[in-house]
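Okay, start.tsv now, which holds TSV, C-alpha atoms:
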chain	number	residue	atom	x	y	z
A	62	MET	CA	17.80	-63.76	6.79
A	63	GLY	CA	15.28	-61.14	5.65
A	64	SER	CA	14.54	-57.92	7.46
A	65	LEU	CA	11.27	-59.20	8.99
A	66	PHE	CA	13.02	-62.15	10.59
A	67	ALA	CA	15.92	-59.95	11.72
A	68	GLU	CA	13.49	-57.58	13.43
A	69	LEU	CA	11.73	-60.43	15.18
A	70	ALA	CA	15.09	-61.76	16.40
A	71	ARG	CA	16.07	-58.30	17.66
A	72	GLN	CA	12.81	-57.91	19.61
A	73	ALA	CA	12.64	-61.51	20.92
A	74	SER	CA	13.78	-60.72	24.47
A	75	ALA	CA	11.49	-57.72	24.87
A	76	ASN	CA	8.54	-59.60	23.41
A	77	ALA	CA	9.12	-62.58	25.70
A	78	ARG	CA	9.12	-60.30	28.74
A	79	ARG	CA	5.92	-58.66	27.54
A	80	GLU	CA	4.26	-62.07	27.27
A	81	VAL	CA	5.27	-63.07	30.80
A	82	ASP	CA	4.00	-59.73	32.13
A	83	ALA	CA	0.70	-60.30	30.30
A	84	TYR	CA	0.30	-63.74	31.88
A	85	ALA	CA	0.82	-62.32	35.37
A	86	ARG	CA	-1.54	-59.42	34.70
A	87	GLU	CA	-4.39	-61.12	32.85
A	88	ILE	CA	-4.50	-64.73	34.11
A	89	ALA	CA	-5.16	-65.16	37.82
A	90	GLU	CA	-3.49	-68.58	37.96
A	91	PHE	CA	-0.22	-66.94	36.88
A	92	GLY	CA	-0.19	-64.58	39.83
A	93	PHE	CA	2.74	-66.55	41.26
A	94	LEU	CA	4.97	-64.96	38.62
A	95	ASP	CA	4.93	-61.78	40.70
A	96	THR	CA	6.10	-63.59	43.83
A	97	SER	CA	8.45	-66.30	42.51
A	98	SER	CA	11.49	-65.08	40.60
A	99	ARG	CA	12.43	-68.67	39.74
A	100	ALA	CA	9.04	-69.34	38.18
A	101	ARG	CA	9.21	-66.08	36.25
A	102	ASP	CA	12.68	-66.92	34.94
A	103	GLN	CA	11.53	-70.36	33.79
A	104	THR	CA	8.45	-68.94	32.06
A	105	LEU	CA	10.57	-66.24	30.43
A	106	GLU	CA	13.10	-68.83	29.25
A	107	TYR	CA	10.38	-70.82	27.48
A	108	ALA	CA	8.82	-67.72	25.91
A	109	LEU	CA	12.20	-66.61	24.60
A	110	TRP	CA	13.10	-70.09	23.31
A	111	LEU	CA	9.82	-70.28	21.37
A	112	ARG	CA	10.48	-66.97	19.64
A	113	ARG	CA	14.04	-67.86	18.74
A	114	ARG	CA	12.97	-71.18	17.27
A	115	THR	CA	10.30	-69.36	15.26
A	116	VAL	CA	12.95	-67.06	13.75
A	117	GLU	CA	15.30	-69.97	13.09
A	118	LEU	CA	12.78	-72.25	11.40
A	119	SER	CA	10.33	-70.01	9.59
A	120	PRO	CA	12.61	-68.55	6.85
A	121	ASP	CA	13.13	-72.00	5.33
A	122	ASN	CA	9.70	-73.32	6.39
A	123	SER	CA	11.41	-75.98	8.53
A	124	GLU	CA	9.26	-77.99	10.91
A	125	LEU	CA	9.55	-78.12	14.68
A	126	SER	CA	11.76	-81.11	15.52
A	127	ASP	CA	10.78	-84.01	17.74
A	128	ASP	CA	12.97	-82.53	20.47
A	129	ASP	CA	11.14	-79.22	20.10
A	130	LEU	CA	7.77	-80.90	20.45
A	131	ASP	CA	8.97	-82.92	23.45
A	132	TYR	CA	10.05	-79.68	25.14
A	133	ILE	CA	6.69	-78.05	24.44
A	134	ALA	CA	4.89	-81.14	25.78
A	135	ALA	CA	7.04	-81.04	28.92
A	136	ILE	CA	5.97	-77.43	29.52
A	137	GLY	CA	2.30	-78.41	29.18
A	138	GLU	CA	2.82	-81.35	31.51
A	139	SER	CA	4.56	-79.26	34.16
A	140	ARG	CA	1.82	-76.64	34.13
A	141	ALA	CA	-0.96	-79.21	34.45
A	142	ALA	CA	0.97	-80.95	37.24
A	143	ALA	CA	1.13	-77.61	39.06
A	144	GLY	CA	-2.67	-77.40	38.97
A	145	MET	CA	-3.40	-75.21	35.96
A	146	SER	CA	-7.06	-75.43	34.92
A	147	LEU	CA	-8.34	-76.03	31.40
A	148	ASP	CA	-9.75	-72.50	31.35
A	149	ALA	CA	-6.35	-71.03	32.19
A	150	ARG	CA	-4.71	-73.23	29.57
A	151	GLN	CA	-7.13	-71.93	26.95
A	152	ARG	CA	-6.41	-68.33	27.95
A	153	VAL	CA	-2.66	-68.96	27.78
A	154	LEU	CA	-2.92	-70.34	24.25
A	155	ARG	CA	-5.17	-67.51	23.09
A	156	LEU	CA	-2.95	-64.85	24.66
A	157	HIS	CA	0.25	-66.38	23.27
A	158	THR	CA	-1.18	-66.62	19.75
A	159	SER	CA	-2.52	-63.08	19.92
A	160	LEU	CA	0.83	-61.70	21.07
A	161	MET	CA	2.80	-63.58	18.42
A	162	LEU	CA	0.56	-62.19	15.69
A	163	ARG	CA	0.92	-58.73	17.18
A	164	GLU	CA	4.70	-59.09	17.17
A	165	ILE	CA	4.72	-60.08	13.50
A	166	ASN	CA	2.60	-57.04	12.68
A	167	GLU	CA	4.84	-54.72	14.71
A	168	ALA	CA	7.97	-56.10	13.01
A	169	THR	CA	6.34	-55.58	9.63
A	170	GLU	CA	5.52	-51.98	10.53
A	171	ALA	CA	9.05	-51.35	11.86
A	172	GLN	CA	10.64	-52.66	8.65
A	173	ARG	CA	8.67	-50.85	6.01
A	174	GLY	CA	10.77	-52.43	3.30
A	175	VAL	CA	9.46	-55.90	4.15
A	176	GLY	CA	8.04	-57.54	1.08
A	177	VAL	CA	4.87	-59.57	0.88
A	178	GLY	CA	6.98	-62.66	0.25
A	179	GLU	CA	8.64	-62.55	3.71
A	180	LEU	CA	5.32	-62.00	5.45
A	181	MET	CA	3.71	-64.88	3.57
A	182	ARG	CA	6.63	-67.18	4.42
A	183	MET	CA	6.18	-66.35	8.09
A	184	MET	CA	2.42	-66.91	8.05
A	185	ASN	CA	2.71	-70.12	6.03
A	186	TRP	CA	5.01	-71.45	8.74
A	187	PHE	CA	3.13	-70.04	11.72
A	188	ALA	CA	-0.25	-71.73	11.21
A	189	PRO	CA	0.76	-75.40	10.74
A	190	GLN	CA	3.64	-75.31	13.21
A	191	GLY	CA	1.50	-73.48	15.74
A	192	GLU	CA	-1.06	-76.24	15.45
A	193	ARG	CA	1.63	-78.90	16.00
A	194	GLY	CA	2.91	-77.02	19.02
A	195	ILE	CA	-0.56	-76.70	20.55
A	196	ARG	CA	-1.12	-80.42	20.00
A	197	ALA	CA	2.14	-81.27	21.76
A	198	TYR	CA	1.33	-78.87	24.61
A	199	SER	CA	-2.11	-80.50	24.99
A	200	GLN	CA	-0.63	-83.99	24.98
A	201	GLY	CA	1.72	-83.03	27.79
A	202	PHE	CA	-1.12	-81.35	29.67
A	203	VAL	CA	-3.29	-84.47	29.46
A	204	THR	CA	-0.41	-86.70	30.52
A	205	ALA	CA	-0.25	-84.84	33.82
A	206	LEU	CA	-4.02	-84.87	34.25
A	207	ARG	CA	-4.06	-88.67	33.91
A	208	HIS	CA	-1.70	-88.95	36.88
A	209	ARG	CA	-3.25	-86.15	38.93
A	210	LEU	CA	-7.01	-86.64	38.52
A	211	PRO	CA	-9.34	-89.60	39.13
A	212	TYR	CA	-11.01	-91.13	36.07
A	213	VAL	CA	-14.38	-89.55	36.83
A	214	GLU	CA	-12.86	-86.06	37.02
A	215	GLN	CA	-11.12	-86.62	33.70
A	216	ALA	CA	-14.51	-87.55	32.19
A	217	ALA	CA	-15.98	-84.34	33.61
A	218	LEU	CA	-13.16	-82.33	32.04
A	219	LEU	CA	-13.82	-84.04	28.72
A	220	ALA	CA	-17.50	-83.14	28.89
A	221	ARG	CA	-16.74	-79.50	29.63
A	222	SER	CA	-14.05	-79.25	26.98
A	223	LEU	CA	-16.45	-80.66	24.36
A	224	LEU	CA	-19.12	-78.18	25.36
A	225	LYS	CA	-16.62	-75.33	25.01
A	226	GLY	CA	-15.17	-76.59	21.73
A	227	ASP	CA	-11.70	-76.96	23.28
A	228	LEU	CA	-9.32	-78.86	21.00
A	229	ILE	CA	-7.86	-80.66	24.02
A	230	SER	CA	-11.01	-82.82	24.03
A	231	ALA	CA	-9.43	-85.12	21.43
A	232	GLU	CA	-6.45	-85.77	23.72
A	233	LEU	CA	-8.66	-86.24	26.77
A	234	ALA	CA	-10.91	-88.70	24.93
A	235	SER	CA	-7.91	-90.70	23.75
A	236	ALA	CA	-6.53	-90.87	27.29
A	237	LEU	CA	-9.91	-92.06	28.60
A	238	GLY	CA	-10.44	-94.56	25.79
A	239	MET	CA	-13.64	-92.81	24.72
A	240	GLU	CA	-14.68	-92.19	21.14
A	241	LEU	CA	-15.59	-88.80	19.72
A	242	PRO	CA	-18.44	-89.53	17.28
A	243	GLU	CA	-19.80	-87.22	14.61
A	244	ARG	CA	-23.10	-86.92	16.48
A	245	CYS	CA	-24.13	-87.24	20.08
A	246	ALA	CA	-27.07	-86.75	22.40
A	247	VAL	CA	-26.78	-84.20	25.19
A	248	ALA	CA	-28.83	-85.17	28.23
A	249	VAL	CA	-29.49	-82.77	31.11
A	250	ILE	CA	-30.97	-84.23	34.31
A	251	ARG	CA	-32.27	-81.48	36.58
A	252	VAL	CA	-32.09	-82.18	40.30
A	253	PRO	CA	-34.00	-79.74	42.54
A	254	ASP	CA	-32.63	-78.66	45.90
A	255	ARG	CA	-32.31	-81.68	48.17
A	256	PRO	CA	-32.54	-81.88	51.99
A	257	ALA	CA	-29.31	-81.26	53.87
A	258	GLY	CA	-29.24	-84.85	55.10
A	259	ASP	CA	-29.14	-86.32	51.60
A	260	HIS	CA	-25.89	-88.01	50.61
A	261	ASP	CA	-23.59	-86.50	48.01
A	262	LEU	CA	-23.73	-87.83	44.47
A	263	GLU	CA	-20.03	-88.44	43.76
A	264	SER	CA	-20.24	-92.23	43.92
A	265	GLU	CA	-23.40	-92.33	41.76
A	266	ILE	CA	-21.78	-90.15	39.11
A	267	GLU	CA	-18.63	-92.28	39.16
A	268	THR	CA	-20.74	-95.41	38.62
A	269	LEU	CA	-22.52	-93.74	35.69
A	270	VAL	CA	-19.24	-92.78	34.03
A	271	LYS	CA	-17.81	-96.26	34.36
A	272	THR	CA	-21.04	-98.03	33.36
A	273	HIS	CA	-21.94	-95.90	30.36
A	274	HIS	CA	-18.40	-94.92	29.39
A	275	ALA	CA	-19.45	-91.38	28.48
A	276	PRO	CA	-18.35	-87.84	29.34
A	277	ILE	CA	-20.47	-86.77	32.32
A	278	THR	CA	-20.21	-83.72	34.54
A	279	TRP	CA	-22.16	-82.17	37.43
A	280	TRP	CA	-23.02	-78.46	37.35
A	281	PRO	CA	-24.14	-77.09	40.74
A	282	GLY	CA	-27.30	-74.99	40.75
A	283	LYS	CA	-28.29	-71.94	42.75
A	284	GLY	CA	-29.54	-74.10	45.59
A	285	SER	CA	-26.89	-75.49	47.89
A	286	ARG	CA	-27.71	-79.09	46.86
A	287	SER	CA	-29.38	-78.61	43.49
A	288	GLY	CA	-27.81	-78.90	40.07
A	289	GLU	CA	-27.73	-80.58	36.69
A	290	LEU	CA	-26.11	-83.80	35.56
A	291	ILE	CA	-24.91	-83.31	31.97
A	292	ALA	CA	-23.96	-86.28	29.80
A	293	LEU	CA	-22.82	-86.55	26.19
A	294	ILE	CA	-23.76	-89.91	24.73
A	295	PRO	CA	-22.31	-91.00	21.36
A	296	LEU	CA	-24.85	-91.79	18.64
A	297	ARG	CA	-24.30	-94.42	16.01
A	298	PRO	CA	-25.08	-93.32	12.45
A	299	ALA	CA	-28.49	-94.61	11.41
A	300	ALA	CA	-28.89	-96.46	8.15
A	301	PRO	CA	-30.92	-94.45	5.60
A	302	PRO	CA	-34.43	-95.73	4.79
A	303	ALA	CA	-34.56	-98.09	1.83
A	304	SER	CA	-36.99	-95.80	0.02
A	305	ALA	CA	-34.91	-92.66	0.50
A	306	GLY	CA	-33.77	-91.00	-2.70
A	307	SER	CA	-30.35	-89.52	-3.26
A	308	GLY	CA	-31.59	-86.01	-2.48
A	309	THR	CA	-33.60	-86.88	0.63
A	310	ALA	CA	-32.71	-84.84	3.70
A	311	GLU	CA	-31.99	-86.49	7.02
A	312	THR	CA	-35.17	-87.61	8.77
A	313	VAL	CA	-35.74	-85.69	12.00
A	314	GLN	CA	-37.47	-87.54	14.84
A	315	PRO	CA	-37.55	-85.13	17.79
A	316	HIS	CA	-39.68	-87.58	19.83
A	317	SER	CA	-37.16	-90.39	19.51
A	318	VAL	CA	-34.66	-90.98	22.31
A	319	PRO	CA	-31.91	-93.58	21.77
A	320	ASP	CA	-31.92	-96.42	24.29
A	321	PRO	CA	-28.48	-95.58	25.78
A	322	VAL	CA	-29.75	-92.12	26.72
A	323	SER	CA	-32.87	-93.46	28.42
A	324	ASP	CA	-30.81	-96.13	30.19
A	325	LEU	CA	-28.46	-93.50	31.63
A	326	VAL	CA	-31.36	-91.31	32.81
A	327	ARG	CA	-33.10	-94.25	34.50
A	328	ASP	CA	-29.88	-95.39	36.18
A	329	PHE	CA	-29.24	-91.94	37.63
A	330	ALA	CA	-32.87	-91.42	38.71
A	331	GLN	CA	-32.82	-94.80	40.45
A	332	ALA	CA	-29.60	-93.93	42.30
A	333	LEU	CA	-30.88	-90.47	43.16
A	334	GLY	CA	-34.03	-91.79	44.77
A	335	ARG	CA	-35.81	-88.44	44.34
A	336	PRO	CA	-37.84	-86.82	41.57
A	337	CYS	CA	-35.83	-85.30	38.74
A	338	ALA	CA	-36.48	-84.00	35.24
A	339	ALA	CA	-34.51	-84.90	32.14
A	340	GLY	CA	-34.24	-83.27	28.74
A	341	ALA	CA	-32.28	-84.41	25.68
A	342	ALA	CA	-31.26	-82.96	22.33
A	343	THR	CA	-29.05	-84.33	19.56
A	344	SER	CA	-26.51	-82.52	17.42
A	345	SER	CA	-23.23	-82.84	15.63
A	346	LEU	CA	-20.19	-82.77	17.90
A	347	SER	CA	-19.35	-79.25	16.72
A	348	GLU	CA	-22.73	-77.91	17.87
A	349	VAL	CA	-23.08	-79.52	21.31
A	350	ALA	CA	-23.19	-76.12	23.03
A	351	ASP	CA	-26.47	-75.37	21.24
A	352	ALA	CA	-27.77	-78.86	22.07
A	353	LEU	CA	-26.90	-78.27	25.73
A	354	ASP	CA	-28.89	-75.03	25.75
A	355	LEU	CA	-31.93	-76.78	24.28
A	356	ALA	CA	-31.64	-79.85	26.54
A	357	ARG	CA	-31.34	-77.58	29.58
A	358	ARG	CA	-34.45	-75.62	28.60
A	359	ILE	CA	-36.34	-78.87	28.03
A	360	SER	CA	-35.30	-80.24	31.44
A	361	ARG	CA	-36.52	-77.06	33.12
A	362	ALA	CA	-39.90	-77.33	31.38
A	363	ALA	CA	-40.26	-81.08	31.98
A	364	PRO	CA	-42.14	-82.51	34.99
A	365	LEU	CA	-40.20	-83.91	37.92
A	366	ARG	CA	-40.62	-87.67	38.18
A	367	ARG	CA	-39.21	-90.57	40.14
A	368	ALA	CA	-37.39	-93.50	38.57
A	369	SER	CA	-39.57	-96.03	36.77
A	370	ALA	CA	-39.37	-98.41	33.87
A	371	ARG	CA	-41.22	-95.79	31.77
A	372	LEU	CA	-38.90	-92.92	32.64
A	373	ARG	CA	-37.06	-91.37	29.70
A	374	PRO	CA	-35.68	-87.94	28.93
A	375	HIS	CA	-38.09	-85.47	27.40
A	376	THR	CA	-37.46	-84.02	23.96
A	377	MET	CA	-38.69	-80.84	22.31
A	378	SER	CA	-41.77	-82.63	20.94
A	379	ASP	CA	-42.83	-83.49	24.51
A	380	VAL	CA	-42.74	-79.96	25.91
A	381	PHE	CA	-42.77	-77.60	22.94
A	382	VAL	CA	-45.90	-75.90	24.30
A	383	GLU	CA	-44.36	-75.44	27.73
A	384	LEU	CA	-41.15	-74.07	26.19
A	385	ALA	CA	-43.19	-71.40	24.44
A	386	VAL	CA	-45.25	-70.70	27.56
A	387	ALA	CA	-42.12	-70.18	29.64
A	388	ASP	CA	-41.31	-67.19	27.42
A	389	ALA	CA	-44.86	-65.78	27.59
A	390	PRO	CA	-45.44	-64.43	31.14
A	391	LEU	CA	-49.11	-63.56	30.58
A	392	VAL	CA	-49.95	-67.06	29.34
A	393	ASP	CA	-47.88	-68.60	32.14
A	394	ALA	CA	-49.74	-66.59	34.76
A	395	TRP	CA	-53.10	-67.64	33.26
A	396	LEU	CA	-52.14	-71.32	33.39
A	397	HIS	CA	-51.07	-70.83	36.99
A	398	ALA	CA	-54.52	-69.40	37.78
A	399	VAL	CA	-56.20	-72.40	36.12
A	400	GLY	CA	-54.02	-74.66	38.25
A	401	ARG	CA	-55.04	-72.83	41.43
A	402	SER	CA	-58.72	-73.34	40.60
A	403	LEU	CA	-58.14	-77.11	40.83
A	404	GLN	CA	-56.87	-76.99	44.40
A	405	PRO	CA	-60.28	-77.60	46.09
A	406	GLY	CA	-60.61	-80.94	44.30
A	407	PRO	CA	-59.13	-84.25	45.53
A	408	ASP	CA	-55.80	-84.93	43.83
A	409	LEU	CA	-57.00	-83.40	40.58
A	410	LEU	CA	-53.55	-82.49	39.22
A	411	VAL	CA	-52.24	-85.98	39.90
A	412	THR	CA	-55.36	-87.42	38.28
A	413	LEU	CA	-55.01	-85.29	35.15
A	414	ASP	CA	-51.33	-86.18	34.92
A	415	ALA	CA	-52.12	-89.90	34.95
A	416	TYR	CA	-55.08	-89.40	32.59
A	417	TYR	CA	-52.95	-87.78	29.88
A	418	ARG	CA	-49.94	-90.04	30.41
A	419	HIS	CA	-52.21	-93.02	29.67
A	420	ASP	CA	-53.74	-91.37	26.57
A	421	MET	CA	-57.07	-90.78	28.39
A	422	HIS	CA	-57.71	-94.54	28.72
A	423	ARG	CA	-60.06	-94.89	31.73
A	424	GLY	CA	-59.03	-98.38	32.77
A	425	ALA	CA	-55.29	-97.80	32.53
A	426	THR	CA	-55.58	-94.44	34.31
A	427	ALA	CA	-57.69	-95.86	37.15
A	428	ALA	CA	-55.24	-98.74	37.58
A	429	ALA	CA	-52.27	-96.36	37.67
A	430	LEU	CA	-54.00	-94.27	40.34
A	431	ASN	CA	-55.18	-97.40	42.20
A	432	VAL	CA	-58.77	-96.12	42.22
A	433	HIS	CA	-62.10	-97.38	40.85
A	434	PRO	CA	-63.02	-96.12	37.36
A	435	ARG	CA	-66.09	-94.43	38.89
A	436	THR	CA	-63.77	-92.49	41.21
A	437	LEU	CA	-61.81	-91.39	38.19
A	438	ASP	CA	-65.03	-90.27	36.49
A	439	TYR	CA	-65.99	-88.27	39.57
A	440	ARG	CA	-62.62	-86.49	39.60
A	441	LEU	CA	-62.85	-85.61	35.91
A	442	ARG	CA	-66.37	-84.22	36.47
A	443	ARG	CA	-65.00	-82.20	39.37
A	444	VAL	CA	-62.36	-80.68	37.06
A	445	ARG	CA	-65.13	-79.65	34.67
A	446	GLU	CA	-67.21	-78.16	37.51
A	447	LEU	CA	-64.30	-76.11	38.90
A	448	THR	CA	-63.04	-74.76	35.58
A	449	GLY	CA	-65.86	-75.05	33.07
A	450	ILE	CA	-63.49	-77.01	30.80
A	451	ASP	CA	-63.97	-80.66	29.87
A	452	PRO	CA	-60.59	-82.43	30.38
A	453	GLY	CA	-61.49	-84.92	27.64
A	454	SER	CA	-62.14	-82.25	25.00
A	455	THR	CA	-59.52	-80.98	22.56
A	456	ARG	CA	-59.51	-77.64	24.40
A	457	GLY	CA	-59.20	-79.39	27.75
A	458	VAL	CA	-56.26	-81.51	26.63
A	459	ARG	CA	-54.42	-78.45	25.33
A	460	ILE	CA	-54.96	-76.45	28.51
A	461	PHE	CA	-54.75	-79.01	31.30
A	462	SER	CA	-51.77	-80.93	29.91
A	463	SER	CA	-49.79	-77.66	29.98
A	464	VAL	CA	-51.07	-76.79	33.46
A	465	VAL	CA	-50.03	-80.20	34.77
A	466	THR	CA	-46.57	-80.12	33.19
A	467	ARG	CA	-45.86	-76.59	34.41
A	468	ARG	CA	-46.94	-77.44	37.95
A	469	LEU	CA	-45.04	-80.75	38.10
A	470	SER	CA	-41.90	-79.10	36.73
A	471	GLU	CA	-41.98	-76.80	39.78
A	472	ALA	CA	-41.46	-73.93	37.34
A	473	CYS	CA	-41.52	-70.40	38.70
A	474	PHE	CA	-44.70	-68.94	37.20
A	475	SER	CA	-44.60	-65.34	36.05
A	476	SER	CA	-46.94	-64.25	38.84
A	477	SER	CA	-44.31	-65.20	41.43
A	478	ARG	CA	-41.22	-63.95	39.60
Just give me the structure as structure tokens.
Amino acid sequence: MGSLFAELARQASANARREVDAYAREIAEFGFLDTSSRARDQTLEYALWLRRRTVELSPDNSELSDDDLDYIAAIGESRAAAGMSLDARQRVLRLHTSLMLREINEATEAQRGVGVGELMRMMNWFAPQGERGIRAYSQGFVTALRHRLPYVEQAALLARSLLKGDLISAELASALGMELPERCAVAVIRVPDRPAGDHDLESEIETLVKTHHAPITWWPGKGSRSGELIALIPLRPAAPPASAGSGTAETVQPHSVPDPVSDLVRDFAQALGRPCAAGAATSSLSEVADALDLARRISRAAPLRRASARLRPHTMSDVFVELAVADAPLVDAWLHAVGRSLQPGPDLLVTLDAYYRHDMHRGATAAALNVHPRTLDYRLRRVRELTGIDPGSTRGVRIFSSVVTRRLSEACFSSSR
């Protein structure tokens, strides 16, 4: 055994104690280690065993045995069964890896005669066997979660683990029988604060998970009964166009929303029974955190609407003006002032909303509003009289469509921030 490995063996007990102390000090869920000597002894035993096995196996680049992996999985299972969260699990793995690397560095410094060969042998062993150990630990962790948590809560954990890039997502998906595709759509359905008498949404969310078989989670908002429903919907790879050449880049269609995404949004809006706003963005599975940020911003800029056959999540192409306006307080305040000037008129905001949603078609707009076309004409003239802007002109469309969307989104305008 080389000097590096001998030094690691000599320091194994002290290093194991340091790791246990670090858990108790830095991870709140390990606070019990300061009050339960039995739990501390068990945690210390595992930390010491792991270091001894590292010293035994790494010189010859031997793999962890099946019995080793079973033991590691049992530790993960016991910790999940005791109620450890995914966040705490992630912190444990990061802290353990960081300490092990620190110990290797300290042993190298203590034995100045250590050659590069010994250090490389250790590192060549550490990376692949560490990955196998983490996989076994995660498998054990998920095994306990399957017995401890309802299906819908497992789906919520999967959604959150995917959004955080946690490697346990593969194990969670396998346990749930869900696929992890290369690309997915992230949908965010914004629900404003609801009256205290409204029912909770647990049963509706459970129905969504089981119907659409997708990772879905609920994130509470600042209001006591507000929040966001976040869903990750797998996307099937699209066949390339027949005319596409070998060097053609992927066609981007920001206005296009896959049917499964729209179906999920409509199902939730119907169950909710109140206006909501939905945004969607697509990305590769490795970039879903960025897609979530975009989908959330879109949902906050999108108008609140009730369930209907036409309801679909908004995309960036639907609200790109409003997204820019939200970051421009002076422009936002001006649009708010234009909106206030319409208040003396009869239902002018609702009229403009219907007018633009029906592509300024008089007959379709009047039918949607259940008014005579002449009534619609009167309202549009009233808009022009109050603002000096023709709602049918290019300028009017640009201004009033943004005013309507900002007002119907219930966005906080800069003047009231």
Would you mind listing what lies within 10 Å of region 91-104 of chain A as a list in words, with all atoms listed in the file counted and same-chain residues fewer than 3 positions away left out?
Ala77, Arg78, Glu80, Val81, Asp82, Ala83, Tyr84, Ala85, Arg86, Glu87, Ile88, Tyr107, Ala108, Leu109, Trp110, Ile136, Met145, Ala149 and Val153 of chain A
Nearest to Val326 (chain A): which of A:Gln72, A:Ser369, A:Ser347, A:Ser378 is it, counting only C-alpha atoms?
A:Ser369
List the neighbours of Thr466 (chain A) out to 8 Å using all atoms listed in the file; skip same-chain residues closer than 4 positions along the sequence, and give me the result as a list in words.
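Skipping anything fewer than 4 positions along the chain leaves Ala362, Ala363, Pro364, Glu383, Asp414, Ser462 and Ser470 of chain A.
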Enter the distance from CA of Leu365 (chain A) to CA of Arg442 (chain A), in Å, rounded to one decimal.
26.2 Å
Within 10 Å of Met239 (chain A), counting all atoms listed in the file, which residues show up once you throw out same-chain ones fewer than 2 positions away? Write them as a list in words, please.
Ala216, Leu219, Ala231, Leu233, Ala234, Ser235, Ala236, Leu237, Leu241, Pro242, His274, Ala275, Pro276 and Pro295 of chain A
Would you save the residues of that selection, restricted to C-alpha atoms, as a CSV table (one decimal), keeping the file's coordinate frame?
chain,number,residue,atom,x,y,z
A,216,ALA,CA,-14.5,-87.6,32.2
A,219,LEU,CA,-13.8,-84.0,28.7
A,231,ALA,CA,-9.4,-85.1,21.4
A,233,LEU,CA,-8.7,-86.2,26.8
A,234,ALA,CA,-10.9,-88.7,24.9
A,235,SER,CA,-7.9,-90.7,23.8
A,236,ALA,CA,-6.5,-90.9,27.3
A,237,LEU,CA,-9.9,-92.1,28.6
A,241,LEU,CA,-15.6,-88.8,19.7
A,242,PRO,CA,-18.4,-89.5,17.3
A,274,HIS,CA,-18.4,-94.9,29.4
A,275,ALA,CA,-19.4,-91.4,28.5
A,276,PRO,CA,-18.4,-87.8,29.3
A,295,PRO,CA,-22.3,-91.0,21.4
As a compact mmCIF listing (two decimals) with C-alpha atoms, keeping the file's coordinate frame, please: the residues near Leu293 (chain A) (cut-off 7 Å, all atoms listed in the file, same-chain neighbours under 2 positions excluded).
# COMPACT_ATOMS: atom_id res chain seq x y z
CA ALA A 220 -17.50 -83.14 28.89
CA CYS A 245 -24.13 -87.24 20.08
CA ALA A 246 -27.07 -86.75 22.40
CA VAL A 247 -26.78 -84.20 25.19
CA ALA A 248 -28.83 -85.17 28.23
CA ALA A 275 -19.45 -91.38 28.48
CA PRO A 276 -18.35 -87.84 29.34
CA ILE A 277 -20.47 -86.77 32.32
CA ILE A 291 -24.91 -83.31 31.97
CA PRO A 295 -22.31 -91.00 21.36
Distance query Met161 (chain A) at most 12 Å, only C-alpha atoms, self and fewer than 5 positions along chain excluded, as a ChimeraX atom specification:
/A:69,72-73,76-77,79-80,108-109,111-112,115-116,154-156,166-168,183-184,187-188,191
